[in-house]
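Take a look at the structure below.
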Amino acid sequence: MHTRCGPYNRDNVPITLRSPKPGSRVVGRHISYDSICQADHDSISYQWRQVTVAIDAQRAASEWLHSFQQAFNAHDASGVASLFEDEGSWRDILAVSGQLRTCDTPEAMAALLAQEWKLSPDRQIHIESIWKSEQAERYGEQVVEAFFKFSTQVGQGEGIVRLRPDVTQPASLSAWMLFTSLHALDLPPADPTVQAPPTREAAVEPDIRNWLDRRLDEIEYTQRQPTVLVVGAGQQGLSIAARLKALNIDALVLERSARVGDSWRNRYHSLRLHNDTRANHLPFLPFPPTWGRYTAKDQLAAWFEFYADALELNVWTGSEFLGARKEEDSQRWRVEVERHGETRVLHPRHIVIATGVSGAPHLPDIPGLDRFSGPVMHTAAYTAGESFAGKRALVIGSGVSAHDVCQDLDRHGAAEIVMMQRSPTMVISVEPGCQELFSLYTKGDRPIEESDLINSSLTQAVQKKWMPLYYSRIAQMDKQLLHGLQAVGFETNQTGVLGFTDLYRRRGGGYYMDIGCSRLIIDGRVKVLHARDFETISGSGIILADGSVKEFDVIVLATGYKSLNDDVTRLFGEEIAQRIGPVWGLDEEGELRNIARRTPETGLWFLAGSFPDARINSHYLALQIQAEEAGVAL
Ligand SMILES: Cc1cc2nc3c(=O)[nH]c(=O)nc-3n(C[C@H](O)[C@H](O)[C@H](O)COP(=O)(O)OP(=O)(O)OC[C@H]3O[C@@H](n4cnc5c(N)ncnc54)[C@H](O)[C@@H]3O)c2cc1C
């Protein structure tokens, strides 16, 4: 049996509590403590049947971690599981499972560990230090939260444990959530003559060939092959290239557009990011502190270009990845690239597809669309509404792009704007609604690396419980907005979903973070039409289900984007696409499918998602590629 961490009185003497008696308040499977009577930085006190229990955060955390280490190193799966409460969950990124795994029950943890130890019988964990432990309110719960560093045979890890009183052992704190992640591999320092690209200069004396000469050579890849070929120079492609560079792994990024940043530059004129700049930094080089709260698309595009230059990333613009096949004997890929009209063949060991989940427009079959006499465009091709001043516009869709385009059309004086809603939409105001979500990155002076750890530590089980409560609180804040929308027939979807991040990950859309268009809908400047009331498009407008006709001059399709799977089939063929299965969307553990993790096709990797996703996931993907290159089994 393992030592369990118990409560202490104010003199730091352990105290024993009796089990809860019948009649004590037991809520679910969580302790019935009457109230948290004091929660300061270093300790948490709660009232339990007339006894005040004071918990020293540091001590509780260190005892729990000690017990965890003991059980883990004895390969005692049920011992580890017993340190968790029944609702306990554990997310591991590469540190213990070698994969991205989430276990939402102690039973699932025990099963995972038993399996892992069978594969790696020597696996041990050593808690190196606790760098912070404190009382915290996290996901609506008062917990002892500790950040710790640990090591395993393969490298250095970082983790978070959150403890709270346990109903089955009232004298104990059990783990509600555990997060473990690999931070760095323990490898001998790389031999710079073997792997490093030739620009790094150790000597101070000038050479006949200067930095620029070397950079230009380096980028050409005439004398060598890239170890990693990254397809796409958006935030994902640039982030992984920067991470690989830092690990001394030679990577070339292909971008088919003329300039780095074009994926943002070419989007509609009015676009600015809807999430806070402070959450969106790319790895290594934060945006300047002078920037505004919501970054404009051209500002971002310019930064991407600067970022690639400043970090000496090797990028070929105007270069399209045409397709690849495996060369079985060499374990490399054979890749065809069209670069400024010429074909180049490359042989990388790894390919990272970062072509975006909002890349190729999705154009659904809309009855009669081909009969429409006016212009029809997808939002990806929409630039600005100048040419539609005084015109009647139908915007099909009700997500972020649909709202942004309607708002832009209104600003440019469109005569009539109708948004066709196909299914209920989650609406949340950017201010105040989203502020709490961003607060992890915007409040206090927490380093971004720590915020990323907290962000990554959320498990599916906790998300399922906490998000509905959280979003219903936001819905209260946004009550007026939501009532206003409902009053004009706009259908909202605030319950039964786990938030817009979840919608983005599962469906790639279905939400709007309001930056003003909802007010236009409420005020009737943008009218709402339901897809169920629509019959077909005719020559100059649409015919509704009741037979009436509405005339329009332009139709904008805000119908989202194709899935990454289309890219996989097109670029790698049906067989590899079948083997890999769905890319993006969530698996049963709540992990993104095939994103930033080993896929069934060795040497083929994917990255996609938001800015924080790019920053966080590129780190773990780079470590996996580094491990493969070094022959280390994670
Ligand atoms: C209108 C809009 C607004 C958004 N607003 C936000 C926001 O406010 N906040 C947020 O976090 N996210 C937002 N997103 C979502 C997401 O952050 C963006 O879609 C982002 O661009 C995704 O980055 P990425 O690197 O995955 O892909 P992309 O930025 O799409 O980059 C992929 C790149 O791959 C290139 N490429 C594709 N195929 C090939 C090929 N075969 N060969 C060579 N190059 C190729 C493309 O040219 C492109 O440059 C928004 C998305 C859209 C569409």
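Identifiers in this document derive from the order of the structure tokens: chains are assigned A, B, ..., residues are numbered from 1 separately in each chain, and ligands are numbered from 1 in order of occurrence.
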
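Here the alpha helix (DSSP H) residues in segment 200-230 of chain A, by DSSP on the backbone, are Trp211, Leu212, Asp213, Arg214, Arg215, Leu216, Asp217, Glu218, Ile219 and Glu220 of chain A.
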
Could you please take those selected residues and save N, CA, C and O atoms as a short mmCIF file (atom, residue, chain, number, x, y, z; two decimals), in the first residue's frame?
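Wrote it out as result_17.cif, contents follow:
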data_model
loop_
_atom_site.label_atom_id
_atom_site.label_comp_id
_atom_site.auth_asym_id
_atom_site.auth_seq_id
_atom_site.Cartn_x
_atom_site.Cartn_y
_atom_site.Cartn_z
N TRP A 211 27.09 35.65 -44.89
CA TRP A 211 25.89 34.96 -44.40
C TRP A 211 24.85 34.79 -45.51
O TRP A 211 24.27 33.72 -45.68
N LEU A 212 24.66 35.83 -46.31
CA LEU A 212 23.65 35.77 -47.35
C LEU A 212 23.99 34.70 -48.39
O LEU A 212 23.13 33.91 -48.80
N ASP A 213 25.28 34.64 -48.79
CA ASP A 213 25.69 33.62 -49.75
C ASP A 213 25.33 32.23 -49.23
O ASP A 213 24.80 31.39 -49.94
N ARG A 214 25.63 32.04 -47.96
CA ARG A 214 25.39 30.72 -47.38
C ARG A 214 23.90 30.42 -47.27
O ARG A 214 23.46 29.29 -47.50
N ARG A 215 23.15 31.44 -46.90
CA ARG A 215 21.70 31.26 -46.80
C ARG A 215 21.12 30.87 -48.15
O ARG A 215 20.29 29.97 -48.26
N LEU A 216 21.56 31.55 -49.19
CA LEU A 216 21.02 31.27 -50.52
C LEU A 216 21.36 29.84 -50.94
O LEU A 216 20.53 29.13 -51.50
N ASP A 217 22.56 29.41 -50.63
CA ASP A 217 22.95 28.02 -50.92
C ASP A 217 22.08 27.05 -50.14
O ASP A 217 21.60 26.06 -50.66
N GLU A 218 21.96 27.38 -48.88
CA GLU A 218 21.24 26.48 -47.97
C GLU A 218 19.82 26.23 -48.47
O GLU A 218 19.31 25.12 -48.44
N ILE A 219 19.18 27.29 -48.93
CA ILE A 219 17.78 27.20 -49.33
C ILE A 219 17.61 26.40 -50.63
O ILE A 219 16.57 25.80 -50.85
N GLU A 220 18.64 26.36 -51.45
CA GLU A 220 18.48 25.73 -52.77
C GLU A 220 18.39 24.20 -52.73
O GLU A 220 17.82 23.57 -53.59
#

As a PyMOL selection string, please: every protein or nucleic acid residue near ligand 1 (cut-off 6 Å, counting only C-alpha atoms and all ligand atoms). chain A and resi 231-237+254-257+262-263+273-275+319-322+354-356+358-359+401+608-611

Rank nothing, just name the residue among A:Gly524, A:Pro582, A:Gly374, A:Gly590 nearest to Leu498 of chain A, using only C-alpha atoms.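 Of A:Gly524, A:Pro582, A:Gly374, A:Gly590, the one nearest Leu498 of chain A, counting only C-alpha atoms, is A:Gly590.
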
Enumerate the residues of segment 232-446 of chain A with a DSSP assignment of strand (DSSP E), computed from the backbone, and present them as a PyMOL selection string. chain A and resi 251-254+314-316+319-327+332-339+342-346+350-353+376-378+392-396+416-421+426-429

If we count only C-alpha atoms and set the cut-off at 9 Å, which residues sit around Gln407 of chain A, ignoring sequence neighbours fewer than 2 positions away in its own chain? Please answer as number ranges by chain. A: 402-405, 409-412, 516-517, 520, 526

Output N, CA, C and O atoms for every residue in the selection just made, as a PDB file, in the first residue's frame.
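out-v8.pdb written:
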ATOM      1  N   ALA A 402     -19.422  33.840 -42.632  1.00  0.00           N
ATOM      2  CA  ALA A 402     -20.720  34.367 -43.075  1.00  0.00           C
ATOM      3  C   ALA A 402     -21.003  35.689 -42.364  1.00  0.00           C
ATOM      4  O   ALA A 402     -21.410  36.682 -42.980  1.00  0.00           O
ATOM      5  N   HIS A 403     -20.770  35.714 -41.053  1.00  0.00           N
ATOM      6  CA  HIS A 403     -21.014  36.936 -40.286  1.00  0.00           C
ATOM      7  C   HIS A 403     -20.085  38.068 -40.731  1.00  0.00           C
ATOM      8  O   HIS A 403     -20.513  39.201 -40.915  1.00  0.00           O
ATOM      9  N   ASP A 404     -18.799  37.741 -40.891  1.00  0.00           N
ATOM     10  CA  ASP A 404     -17.833  38.777 -41.273  1.00  0.00           C
ATOM     11  C   ASP A 404     -18.196  39.372 -42.635  1.00  0.00           C
ATOM     12  O   ASP A 404     -18.103  40.584 -42.842  1.00  0.00           O
ATOM     13  N   VAL A 405     -18.609  38.508 -43.566  1.00  0.00           N
ATOM     14  CA  VAL A 405     -18.955  38.996 -44.903  1.00  0.00           C
ATOM     15  C   VAL A 405     -20.224  39.858 -44.834  1.00  0.00           C
ATOM     16  O   VAL A 405     -20.292  40.937 -45.447  1.00  0.00           O
ATOM     17  N   LEU A 409     -20.460  43.661 -46.034  1.00  0.00           N
ATOM     18  CA  LEU A 409     -21.435  44.116 -47.038  1.00  0.00           C
ATOM     19  C   LEU A 409     -22.243  45.286 -46.485  1.00  0.00           C
ATOM     20  O   LEU A 409     -22.522  46.266 -47.184  1.00  0.00           O
ATOM     21  N   ASP A 410     -22.606  45.189 -45.219  1.00  0.00           N
ATOM     22  CA  ASP A 410     -23.375  46.271 -44.594  1.00  0.00           C
ATOM     23  C   ASP A 410     -22.565  47.564 -44.586  1.00  0.00           C
ATOM     24  O   ASP A 410     -23.065  48.633 -44.922  1.00  0.00           O
ATOM     25  N   ARG A 411     -21.279  47.432 -44.230  1.00  0.00           N
ATOM     26  CA  ARG A 411     -20.419  48.615 -44.180  1.00  0.00           C
ATOM     27  C   ARG A 411     -20.266  49.266 -45.540  1.00  0.00           C
ATOM     28  O   ARG A 411     -20.099  50.463 -45.655  1.00  0.00           O
ATOM     29  N   HIS A 412     -20.330  48.443 -46.566  1.00  0.00           N
ATOM     30  CA  HIS A 412     -20.159  48.974 -47.923  1.00  0.00           C
ATOM     31  C   HIS A 412     -21.488  49.344 -48.568  1.00  0.00           C
ATOM     32  O   HIS A 412     -21.544  49.586 -49.775  1.00  0.00           O
ATOM     33  N   GLY A 516     -19.744  42.138 -33.719  1.00  0.00           N
ATOM     34  CA  GLY A 516     -20.635  43.210 -34.174  1.00  0.00           C
ATOM     35  C   GLY A 516     -21.733  42.803 -35.133  1.00  0.00           C
ATOM     36  O   GLY A 516     -22.719  43.520 -35.283  1.00  0.00           O
ATOM     37  N   CYS A 517     -21.592  41.649 -35.776  1.00  0.00           N
ATOM     38  CA  CYS A 517     -22.612  41.300 -36.773  1.00  0.00           C
ATOM     39  C   CYS A 517     -23.927  40.889 -36.112  1.00  0.00           C
ATOM     40  O   CYS A 517     -25.005  41.085 -36.687  1.00  0.00           O
ATOM     41  N   LEU A 520     -26.227  43.652 -36.018  1.00  0.00           N
ATOM     42  CA  LEU A 520     -26.829  43.936 -37.324  1.00  0.00           C
ATOM     43  C   LEU A 520     -28.010  43.002 -37.582  1.00  0.00           C
ATOM     44  O   LEU A 520     -29.020  43.396 -38.177  1.00  0.00           O
ATOM     45  N   VAL A 526     -29.211  42.792 -41.235  1.00  0.00           N
ATOM     46  CA  VAL A 526     -28.944  41.499 -41.879  1.00  0.00           C
ATOM     47  C   VAL A 526     -30.143  40.617 -41.535  1.00  0.00           C
ATOM     48  O   VAL A 526     -30.442  40.393 -40.361  1.00  0.00           O
TER      49      VAL A 526
END

Need the shell around Ala545 of chain A: protein/DNA/RNA residues with any atom at most 12 Å away, counting only C-alpha atoms. Skip same-chain ones fewer than 2 positions apart. Format as a ChimeraX atom specification? /A:529-537,542-543,547-550

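Take atom CA of Arg422 of chain A and atom CA of Cys406 of chain A: the distance between them is 15.6 Å.
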
Got a sec: who's within 9 Å of segment 591-598 of chain A, counting only C-alpha atoms, leaving out chain neighbours fewer than 3 positions off, as a PyMOL selection string? chain A and resi 99-102+460+505-506+580-588+601-608+617-622+624

Resulting file, chosen residues, N, CA and C atoms, as a PDB file, in the first residue's frame:
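Listing of again_7.pdb after writing:
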ATOM      1  N   GLN A  99       2.768   8.307 -26.724  1.00  0.00           N
ATOM      2  CA  GLN A  99       1.754   8.773 -27.679  1.00  0.00           C
ATOM      3  C   GLN A  99       1.007   9.951 -27.061  1.00  0.00           C
ATOM      4  N   LEU A 100      -0.049  10.377 -27.742  1.00  0.00           N
ATOM      5  CA  LEU A 100      -0.958  11.366 -27.142  1.00  0.00           C
ATOM      6  C   LEU A 100      -2.174  10.588 -26.681  1.00  0.00           C
ATOM      7  N   ARG A 101      -2.303  10.429 -25.364  1.00  0.00           N
ATOM      8  CA  ARG A 101      -3.385   9.586 -24.850  1.00  0.00           C
ATOM      9  C   ARG A 101      -4.097  10.288 -23.702  1.00  0.00           C
ATOM     10  N   THR A 102      -5.390  10.064 -23.625  1.00  0.00           N
ATOM     11  CA  THR A 102      -6.147  10.560 -22.482  1.00  0.00           C
ATOM     12  C   THR A 102      -6.942   9.412 -21.887  1.00  0.00           C
ATOM     13  N   GLN A 460     -10.781  15.192 -21.591  1.00  0.00           N
ATOM     14  CA  GLN A 460     -12.131  15.140 -22.139  1.00  0.00           C
ATOM     15  C   GLN A 460     -13.193  15.039 -21.028  1.00  0.00           C
ATOM     16  N   ARG A 505     -12.924  21.670 -33.666  1.00  0.00           N
ATOM     17  CA  ARG A 505     -12.187  20.419 -33.807  1.00  0.00           C
ATOM     18  C   ARG A 505     -13.047  19.295 -34.362  1.00  0.00           C
ATOM     19  N   ARG A 506     -14.321  19.306 -34.013  1.00  0.00           N
ATOM     20  CA  ARG A 506     -15.178  18.224 -34.515  1.00  0.00           C
ATOM     21  C   ARG A 506     -15.707  18.514 -35.911  1.00  0.00           C
ATOM     22  N   ILE A 580      -4.489   5.638 -43.450  1.00  0.00           N
ATOM     23  CA  ILE A 580      -4.408   6.682 -42.423  1.00  0.00           C
ATOM     24  C   ILE A 580      -5.752   6.926 -41.756  1.00  0.00           C
ATOM     25  N   GLY A 581      -6.815   6.874 -42.532  1.00  0.00           N
ATOM     26  CA  GLY A 581      -8.140   7.158 -41.963  1.00  0.00           C
ATOM     27  C   GLY A 581      -8.330   8.653 -41.776  1.00  0.00           C
ATOM     28  N   PRO A 582      -9.359   9.042 -41.017  1.00  0.00           N
ATOM     29  CA  PRO A 582      -9.678  10.463 -40.909  1.00  0.00           C
ATOM     30  C   PRO A 582      -8.562  11.293 -40.287  1.00  0.00           C
ATOM     31  N   VAL A 583      -8.348  12.451 -40.879  1.00  0.00           N
ATOM     32  CA  VAL A 583      -7.391  13.414 -40.314  1.00  0.00           C
ATOM     33  C   VAL A 583      -8.229  14.586 -39.814  1.00  0.00           C
ATOM     34  N   TRP A 584      -7.963  15.024 -38.572  1.00  0.00           N
ATOM     35  CA  TRP A 584      -8.771  16.068 -37.920  1.00  0.00           C
ATOM     36  C   TRP A 584     -10.040  15.415 -37.373  1.00  0.00           C
ATOM     37  N   GLY A 585     -10.766  16.131 -36.518  1.00  0.00           N
ATOM     38  CA  GLY A 585     -11.879  15.510 -35.787  1.00  0.00           C
ATOM     39  C   GLY A 585     -11.299  14.778 -34.583  1.00  0.00           C
ATOM     40  N   LEU A 586     -12.153  14.435 -33.632  1.00  0.00           N
ATOM     41  CA  LEU A 586     -11.653  13.870 -32.375  1.00  0.00           C
ATOM     42  C   LEU A 586     -11.875  12.366 -32.292  1.00  0.00           C
ATOM     43  N   ASP A 587     -10.921  11.665 -31.682  1.00  0.00           N
ATOM     44  CA  ASP A 587     -11.119  10.236 -31.452  1.00  0.00           C
ATOM     45  C   ASP A 587     -11.879  10.040 -30.139  1.00  0.00           C
ATOM     46  N   GLU A 588     -12.047   8.794 -29.734  1.00  0.00           N
ATOM     47  CA  GLU A 588     -12.889   8.542 -28.544  1.00  0.00           C
ATOM     48  C   GLU A 588     -12.253   9.068 -27.260  1.00  0.00           C
ATOM     49  N   GLU A 601       1.114   5.698 -41.350  1.00  0.00           N
ATOM     50  CA  GLU A 601       2.102   5.729 -42.430  1.00  0.00           C
ATOM     51  C   GLU A 601       3.386   6.359 -41.882  1.00  0.00           C
ATOM     52  N   THR A 602       4.416   5.546 -41.699  1.00  0.00           N
ATOM     53  CA  THR A 602       5.669   6.063 -41.127  1.00  0.00           C
ATOM     54  C   THR A 602       6.202   7.222 -41.969  1.00  0.00           C
ATOM     55  N   GLY A 603       6.597   8.286 -41.296  1.00  0.00           N
ATOM     56  CA  GLY A 603       7.186   9.422 -42.005  1.00  0.00           C
ATOM     57  C   GLY A 603       6.165  10.380 -42.592  1.00  0.00           C
ATOM     58  N   LEU A 604       4.902  10.170 -42.303  1.00  0.00           N
ATOM     59  CA  LEU A 604       3.881  11.122 -42.773  1.00  0.00           C
ATOM     60  C   LEU A 604       3.149  11.674 -41.553  1.00  0.00           C
ATOM     61  N   TRP A 605       3.182  12.983 -41.429  1.00  0.00           N
ATOM     62  CA  TRP A 605       2.652  13.655 -40.235  1.00  0.00           C
ATOM     63  C   TRP A 605       1.726  14.781 -40.658  1.00  0.00           C
ATOM     64  N   PHE A 606       0.861  15.225 -39.730  1.00  0.00           N
ATOM     65  CA  PHE A 606      -0.066  16.312 -40.020  1.00  0.00           C
ATOM     66  C   PHE A 606      -0.090  17.311 -38.867  1.00  0.00           C
ATOM     67  N   LEU A 607      -0.264  18.564 -39.246  1.00  0.00           N
ATOM     68  CA  LEU A 607      -0.520  19.606 -38.249  1.00  0.00           C
ATOM     69  C   LEU A 607      -1.667  20.462 -38.771  1.00  0.00           C
ATOM     70  N   ALA A 608      -2.526  20.906 -37.889  1.00  0.00           N
ATOM     71  CA  ALA A 608      -3.610  21.811 -38.301  1.00  0.00           C
ATOM     72  C   ALA A 608      -4.186  22.439 -37.041  1.00  0.00           C
ATOM     73  N   ASN A 617       1.396  22.087 -30.460  1.00  0.00           N
ATOM     74  CA  ASN A 617       1.558  20.790 -31.127  1.00  0.00           C
ATOM     75  C   ASN A 617       2.861  20.678 -31.911  1.00  0.00           C
ATOM     76  N   SER A 618       3.358  21.807 -32.413  1.00  0.00           N
ATOM     77  CA  SER A 618       4.604  21.732 -33.185  1.00  0.00           C
ATOM     78  C   SER A 618       5.742  21.246 -32.283  1.00  0.00           C
ATOM     79  N   HIS A 619       5.678  21.602 -31.022  1.00  0.00           N
ATOM     80  CA  HIS A 619       6.706  21.163 -30.078  1.00  0.00           C
ATOM     81  C   HIS A 619       6.722  19.631 -29.990  1.00  0.00           C
ATOM     82  N   TYR A 620       5.536  19.054 -29.825  1.00  0.00           N
ATOM     83  CA  TYR A 620       5.475  17.602 -29.647  1.00  0.00           C
ATOM     84  C   TYR A 620       5.752  16.855 -30.956  1.00  0.00           C
ATOM     85  N   LEU A 621       5.340  17.441 -32.058  1.00  0.00           N
ATOM     86  CA  LEU A 621       5.635  16.779 -33.331  1.00  0.00           C
ATOM     87  C   LEU A 621       7.143  16.804 -33.598  1.00  0.00           C
ATOM     88  N   ALA A 622       7.768  17.932 -33.309  1.00  0.00           N
ATOM     89  CA  ALA A 622       9.219  18.023 -33.534  1.00  0.00           C
ATOM     90  C   ALA A 622       9.955  16.978 -32.682  1.00  0.00           C
ATOM     91  N   GLN A 624       8.830  14.088 -31.746  1.00  0.00           N
ATOM     92  CA  GLN A 624       8.618  12.747 -32.317  1.00  0.00           C
ATOM     93  C   GLN A 624       9.520  12.525 -33.530  1.00  0.00           C
TER      94      GLN A 624
END

Would you kindly return, as a list of chain:residue names, each protein, DNA or RNA residue with an atom no farther than 9 Å from any atom of Glu312 of chain A, considering only C-alpha atoms and excluding same-chain residues fewer than 5 positions away? A:Thr199, A:Arg215, A:Ala242, A:Lys245, A:Tyr307

Dump N, CA, C and O atoms for the selected residues as an mmCIF file, in the first residue's frame?
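That gives us result17.cif:
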data_model
loop_
_atom_site.group_PDB
_atom_site.id
_atom_site.type_symbol
_atom_site.label_atom_id
_atom_site.label_comp_id
_atom_site.auth_asym_id
_atom_site.auth_seq_id
_atom_site.Cartn_x
_atom_site.Cartn_y
_atom_site.Cartn_z
ATOM 1 N N THR A 199 24.705 27.428 -42.371
ATOM 2 C CA THR A 199 24.788 28.870 -42.108
ATOM 3 C C THR A 199 25.332 29.224 -40.733
ATOM 4 O O THR A 199 25.772 30.334 -40.511
ATOM 5 N N ARG A 215 23.153 31.442 -46.903
ATOM 6 C CA ARG A 215 21.696 31.256 -46.795
ATOM 7 C C ARG A 215 21.119 30.867 -48.153
ATOM 8 O O ARG A 215 20.293 29.974 -48.260
ATOM 9 N N ALA A 242 10.265 26.056 -37.468
ATOM 10 C CA ALA A 242 11.067 26.729 -36.441
ATOM 11 C C ALA A 242 11.493 25.748 -35.346
ATOM 12 O O ALA A 242 12.632 25.769 -34.879
ATOM 13 N N LYS A 245 14.210 23.474 -36.717
ATOM 14 C CA LYS A 245 15.460 24.232 -36.829
ATOM 15 C C LYS A 245 16.167 24.264 -35.474
ATOM 16 O O LYS A 245 17.377 24.071 -35.376
ATOM 17 N N TYR A 307 9.078 36.413 -39.843
ATOM 18 C CA TYR A 307 9.379 35.277 -38.957
ATOM 19 C C TYR A 307 10.240 34.248 -39.701
ATOM 20 O O TYR A 307 11.259 33.784 -39.196
#

Counting only C-alpha atoms, what is within 10 Å of Gly508 of chain A, bar same-chain residues fewer than 3 positions away, as a ChimeraX atom specification? /A:357-358,399,500-505,511,560-563,584-585,609

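Closest approach to Val376 of chain A from the set A:Val345, A:Val554, A:Leu285, A:Ile240 is made by A:Val554, with distances taken over only C-alpha atoms.
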
Given the choices A:Ser456, A:Ser538, A:Thr277, A:Asn493, which gets closest to Thr442 of chain A if the distance is worked out from only C-alpha atoms? A:Thr277

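Counting only C-alpha atoms, the residue from A:Pro226, A:Pro289, A:Pro600, A:Pro206 that sits nearest to Leu244 of chain A is A:Pro226.
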
Please indicate the distance in Å from atom CA of Arg371 of chain A to atom CA of Ser540 of chain A, rounded to one decimal place. 8.4 Å
